[in-house]
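In what follows, a structure is listed as structure tokens, so that the remarks can point back to it.
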Amino acid sequence: MQLQLISFVWIILHCMDYTGCQQHSSSRHRPHKQISGVSSGCQQGGCLTCSDYNGCLSCKPRLFMHLERIGMKQIGVCMTSCPLGFYGTRSPERNICTKCRSECDSCFNKNFCTRCRAGFYLHLGKCQENCPEGLVHSDTQRECVLKCPAECESCENSETCTRCRPGLYQLSGRCHEVCPEDYEPSDNLMECTEKVHCIVGEWSEWSPCPRPARNCGFKRGQETRTRQILQQPSTHGNPCPDISEIKKCPVKRKKCQGGRRRNERRERRNRNNRKDKENQEGRRERKRERERERDTGEREDSDNRNKTEHRHRRGHETEPVSPEVGLVQ
């Protein structure tokens with residue numbers, strides 16, 4: 001049916017310049033519009049010539065003629081590219097859309113499929129029901145694919161993975177649970193990425209030794225030097241070292257303005273401190289002396305009491321017999 005309609009269109013185009021042919025065509029079919037240039041009835045859809053019944057009969061340059069089936073008839077449509085399931089062929093006479101092979105969903109030409117219908121699997125441009133030896137079919141891709149290693153979800157060949165199973169990190173076609181040395185895991189990409197270590201620049205010159213407002217009255221000052229971070233490290237890369245250093249430096253001592261008054265105040269403070277210490281020591285010594293005297297007095301009182309008690313005991317033991325008491329006659 002398609003070939004008959006295409007032949008009919010070609011005959012019409014070939015005979016349009018002859019009046020007799022036009023009359024013969026109009027007696028068998030509904031009238032069509034012939035235009036020089038572009039008529040208003042063919043501006044929609046890129047038609048160069050068209051028919052009210054058959055749609056576009058020819059297309060503008062570089063457009064493809066596609067026949068769409070509507071019920072029992074086919075309508076010519078001009079398109080910039082052919083729809084899914086068709087491929088375009090160009091020739092000096094016309095550009096047409098041709099249907100792909102029955103097992104193809106889409107194709108590049110009649111001998112090269114780019115996607116297969118359900119139940120067929122693509123291999124080297126052909127749609128096959130069974131994959132060749134060494135390959136397995138993928139229902140999602142509708143392709144014959146390599147049998148990948150166990151850790152791969154998809155692979156380029158039996159040794160190169162293109163996507164790893166969940167939880168594994170890819171590196172150079174291999175899948176790893178733990179990334180090799182000098183690499184670190186990227187959870188966003190699920191890949192092992194090279195570690196980035198910190199890089200710092202050269203040290204600056206040492207700063208002048210004395211500091212402002214400290215350039216007198218001191219024998220030592222401080223001088224510093226710094227360096228810049230040129231590259232920040234990655235998460236597991238080597239961290240940055242110190243970027244600043246401080247060291248002591250000798251300073252030529254200078255007398256500060258008002259130094260004599262400060263010295264006098266310092267001397268007075270020192271004298272007062274010494275006097276306070278002497279007073280505190282004198283108070284402590286006097287306290288210790290009183291305690292010693294108190295202890296000595298307590299010991300003497302205790303000795304006197306003991307002596308008195310001892311005399312009383314001896315007096316009772318040596319008391320004489322009363323003269324009224326005599327011998328019985």
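By order in the structure tokens, chains are A, B, ...; within a chain, residues start at 1; ligands start at 1, following the order shown.
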
Contacts of A:His236 at 8 Å or less, counting only C-alpha atoms, minus same-chain residues fewer than 3 places along, as a short mmCIF file (atom, residue, chain, number, x, y, z; two decimals) with N, CA and C atoms, in the first residue's frame?
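File produced: part.cif:
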```cif
data_model
loop_
_atom_site.label_atom_id
_atom_site.label_comp_id
_atom_site.auth_asym_id
_atom_site.auth_seq_id
_atom_site.Cartn_x
_atom_site.Cartn_y
_atom_site.Cartn_z
N GLU A 184 41.42 8.09 48.44
CA GLU A 184 40.41 8.20 49.49
C GLU A 184 39.03 8.02 48.87
N LYS A 195 44.28 11.31 46.81
CA LYS A 195 44.41 12.22 47.95
C LYS A 195 45.10 13.51 47.51
N VAL A 196 44.64 14.60 48.08
CA VAL A 196 45.27 15.90 47.82
C VAL A 196 45.95 16.34 49.10
N PRO A 233 44.37 20.69 51.69
CA PRO A 233 44.33 19.23 51.57
C PRO A 233 42.91 18.70 51.46
#
```

Selection near A:Thr224, 12 Å with only C-alpha atoms, sequence-local residues under 6 positions removed, as a PyMOL selection string = chain A and resi 203-211+243-249

Could you write out that same residue set with N, CA and C atoms as a PDB file, in the first residue's frame?
```
ATOM      1  N   TRP A 203      58.992  30.464  53.052  1.00  0.00           N
ATOM      2  CA  TRP A 203      58.935  31.369  54.200  1.00  0.00           C
ATOM      3  C   TRP A 203      59.247  32.788  53.761  1.00  0.00           C
ATOM      4  N   SER A 204      58.589  33.724  54.416  1.00  0.00           N
ATOM      5  CA  SER A 204      58.919  35.129  54.200  1.00  0.00           C
ATOM      6  C   SER A 204      60.188  35.473  54.979  1.00  0.00           C
ATOM      7  N   GLU A 205      60.716  36.675  54.775  1.00  0.00           N
ATOM      8  CA  GLU A 205      61.841  37.135  55.570  1.00  0.00           C
ATOM      9  C   GLU A 205      61.389  37.372  57.010  1.00  0.00           C
ATOM     10  N   TRP A 206      62.357  37.257  57.939  1.00  0.00           N
ATOM     11  CA  TRP A 206      62.032  37.537  59.334  1.00  0.00           C
ATOM     12  C   TRP A 206      61.674  39.008  59.491  1.00  0.00           C
ATOM     13  N   SER A 207      60.703  39.270  60.332  1.00  0.00           N
ATOM     14  CA  SER A 207      60.300  40.652  60.590  1.00  0.00           C
ATOM     15  C   SER A 207      61.367  41.350  61.431  1.00  0.00           C
ATOM     16  N   PRO A 208      61.362  42.697  61.483  1.00  0.00           N
ATOM     17  CA  PRO A 208      62.300  43.402  62.358  1.00  0.00           C
ATOM     18  C   PRO A 208      62.168  42.911  63.790  1.00  0.00           C
ATOM     19  N   CYS A 209      63.281  42.923  64.524  1.00  0.00           N
ATOM     20  CA  CYS A 209      63.291  42.330  65.859  1.00  0.00           C
ATOM     21  C   CYS A 209      62.478  43.128  66.875  1.00  0.00           C
ATOM     22  N   PRO A 210      62.796  44.434  67.138  1.00  0.00           N
ATOM     23  CA  PRO A 210      62.025  45.128  68.185  1.00  0.00           C
ATOM     24  C   PRO A 210      60.607  45.401  67.737  1.00  0.00           C
ATOM     25  N   ARG A 211      59.730  45.317  68.681  1.00  0.00           N
ATOM     26  CA  ARG A 211      58.338  45.641  68.386  1.00  0.00           C
ATOM     27  C   ARG A 211      58.075  47.106  68.680  1.00  0.00           C
ATOM     28  N   ILE A 243      52.173  27.736  59.604  1.00  0.00           N
ATOM     29  CA  ILE A 243      52.417  28.762  58.585  1.00  0.00           C
ATOM     30  C   ILE A 243      52.979  30.047  59.202  1.00  0.00           C
ATOM     31  N   SER A 244      53.335  29.999  60.481  1.00  0.00           N
ATOM     32  CA  SER A 244      53.983  31.152  61.114  1.00  0.00           C
ATOM     33  C   SER A 244      54.960  30.647  62.168  1.00  0.00           C
ATOM     34  N   GLU A 245      56.060  31.379  62.366  1.00  0.00           N
ATOM     35  CA  GLU A 245      57.069  31.045  63.357  1.00  0.00           C
ATOM     36  C   GLU A 245      57.478  32.309  64.101  1.00  0.00           C
ATOM     37  N   ILE A 246      57.822  32.131  65.388  1.00  0.00           N
ATOM     38  CA  ILE A 246      58.259  33.243  66.233  1.00  0.00           C
ATOM     39  C   ILE A 246      59.545  32.813  66.931  1.00  0.00           C
ATOM     40  N   LYS A 247      60.512  33.707  66.996  1.00  0.00           N
ATOM     41  CA  LYS A 247      61.741  33.399  67.731  1.00  0.00           C
ATOM     42  C   LYS A 247      62.233  34.653  68.454  1.00  0.00           C
ATOM     43  N   LYS A 248      63.010  34.413  69.517  1.00  0.00           N
ATOM     44  CA  LYS A 248      63.597  35.504  70.279  1.00  0.00           C
ATOM     45  C   LYS A 248      64.777  36.079  69.502  1.00  0.00           C
ATOM     46  N   CYS A 249      65.001  37.366  69.711  1.00  0.00           N
ATOM     47  CA  CYS A 249      66.128  38.012  69.055  1.00  0.00           C
ATOM     48  C   CYS A 249      66.709  39.066  69.995  1.00  0.00           C
TER      49      CYS A 249
END
```

Excluding stretch 82-87 of chain A and residues on its chain fewer than 4 positions from it, collect all residues at most 9 Å away from it, counting only C-alpha atoms, and give them as a list in words.
-> Phe64, Met65, His66, Ile96, Cys97, Thr98, Lys99, Cys100, Arg101, Ser102, Cys104, Asp105, Ser106, Cys107, Phe108, Asn109 and Lys110 of chain A

Please dump the current selection as a PDB file, in the first residue's frame; keep N, CA and C atoms.
```
ATOM      1  N   PHE A  64      11.845  15.510   5.588  1.00  0.00           N
ATOM      2  CA  PHE A  64      11.528  14.125   5.232  1.00  0.00           C
ATOM      3  C   PHE A  64      10.021  13.964   5.068  1.00  0.00           C
ATOM      4  N   MET A  65       9.630  13.237   4.029  1.00  0.00           N
ATOM      5  CA  MET A  65       8.227  12.865   3.822  1.00  0.00           C
ATOM      6  C   MET A  65       7.926  11.615   4.636  1.00  0.00           C
ATOM      7  N   HIS A  66       6.927  11.723   5.518  1.00  0.00           N
ATOM      8  CA  HIS A  66       6.511  10.597   6.338  1.00  0.00           C
ATOM      9  C   HIS A  66       5.024  10.371   6.135  1.00  0.00           C
ATOM     10  N   ILE A  96      12.681  10.580   2.275  1.00  0.00           N
ATOM     11  CA  ILE A  96      11.532   9.852   2.804  1.00  0.00           C
ATOM     12  C   ILE A  96      11.917   9.136   4.097  1.00  0.00           C
ATOM     13  N   CYS A  97      10.898   8.831   4.925  1.00  0.00           N
ATOM     14  CA  CYS A  97      11.061   8.034   6.140  1.00  0.00           C
ATOM     15  C   CYS A  97      10.653   6.601   5.836  1.00  0.00           C
ATOM     16  N   THR A  98      11.540   5.671   6.176  1.00  0.00           N
ATOM     17  CA  THR A  98      11.294   4.254   5.917  1.00  0.00           C
ATOM     18  C   THR A  98      11.227   3.511   7.237  1.00  0.00           C
ATOM     19  N   LYS A  99      10.301   2.582   7.328  1.00  0.00           N
ATOM     20  CA  LYS A  99      10.081   1.849   8.582  1.00  0.00           C
ATOM     21  C   LYS A  99      11.232   0.893   8.845  1.00  0.00           C
ATOM     22  N   CYS A 100      11.628   0.789  10.143  1.00  0.00           N
ATOM     23  CA  CYS A 100      12.684  -0.139  10.549  1.00  0.00           C
ATOM     24  C   CYS A 100      12.181  -1.576  10.443  1.00  0.00           C
ATOM     25  N   ARG A 101      13.105  -2.512  10.611  1.00  0.00           N
ATOM     26  CA  ARG A 101      12.733  -3.924  10.606  1.00  0.00           C
ATOM     27  C   ARG A 101      11.775  -4.200  11.767  1.00  0.00           C
ATOM     28  N   SER A 102      11.023  -5.250  11.660  1.00  0.00           N
ATOM     29  CA  SER A 102       9.945  -5.508  12.617  1.00  0.00           C
ATOM     30  C   SER A 102      10.455  -5.728  14.037  1.00  0.00           C
ATOM     31  N   CYS A 104      12.954  -4.176  15.396  1.00  0.00           N
ATOM     32  CA  CYS A 104      13.632  -2.970  15.882  1.00  0.00           C
ATOM     33  C   CYS A 104      12.618  -1.947  16.398  1.00  0.00           C
ATOM     34  N   ASP A 105      12.921  -1.340  17.523  1.00  0.00           N
ATOM     35  CA  ASP A 105      12.167  -0.182  17.994  1.00  0.00           C
ATOM     36  C   ASP A 105      12.659   1.098  17.331  1.00  0.00           C
ATOM     37  N   SER A 106      13.955   1.172  17.103  1.00  0.00           N
ATOM     38  CA  SER A 106      14.551   2.303  16.388  1.00  0.00           C
ATOM     39  C   SER A 106      15.766   1.780  15.631  1.00  0.00           C
ATOM     40  N   CYS A 107      16.137   2.501  14.570  1.00  0.00           N
ATOM     41  CA  CYS A 107      17.235   2.014  13.747  1.00  0.00           C
ATOM     42  C   CYS A 107      17.941   3.174  13.069  1.00  0.00           C
ATOM     43  N   PHE A 108      19.173   2.881  12.624  1.00  0.00           N
ATOM     44  CA  PHE A 108      19.961   3.857  11.886  1.00  0.00           C
ATOM     45  C   PHE A 108      19.717   3.704  10.385  1.00  0.00           C
ATOM     46  N   ASN A 109      19.614   2.494   9.952  1.00  0.00           N
ATOM     47  CA  ASN A 109      19.220   2.185   8.577  1.00  0.00           C
ATOM     48  C   ASN A 109      18.573   0.809   8.600  1.00  0.00           C
ATOM     49  N   LYS A 110      18.289   0.258   7.431  1.00  0.00           N
ATOM     50  CA  LYS A 110      17.538  -0.998   7.397  1.00  0.00           C
ATOM     51  C   LYS A 110      18.333  -2.171   7.955  1.00  0.00           C
TER      52      LYS A 110
END
```

Can you list, as a VMD selection string, every residue of stretch 103-264 of chain A that DSSP puts in helix (DSSP H, G or I)?
-> chain A and resid 259 to 264

Tell me, which residues of stretch 69-104 of chain A carry DSSP strand (DSSP E or B), written as a count of residues only?
-> 18

For A:Asn54, work out the shell of residues within 9 Å, counting only C-alpha atoms and skipping chain neighbours fewer than 3 positions away, then give it as a list in words.
-> His32, Cys50, Ser51, Leu57, Lys73, Gln74, Ile75 and Gly76 of chain A
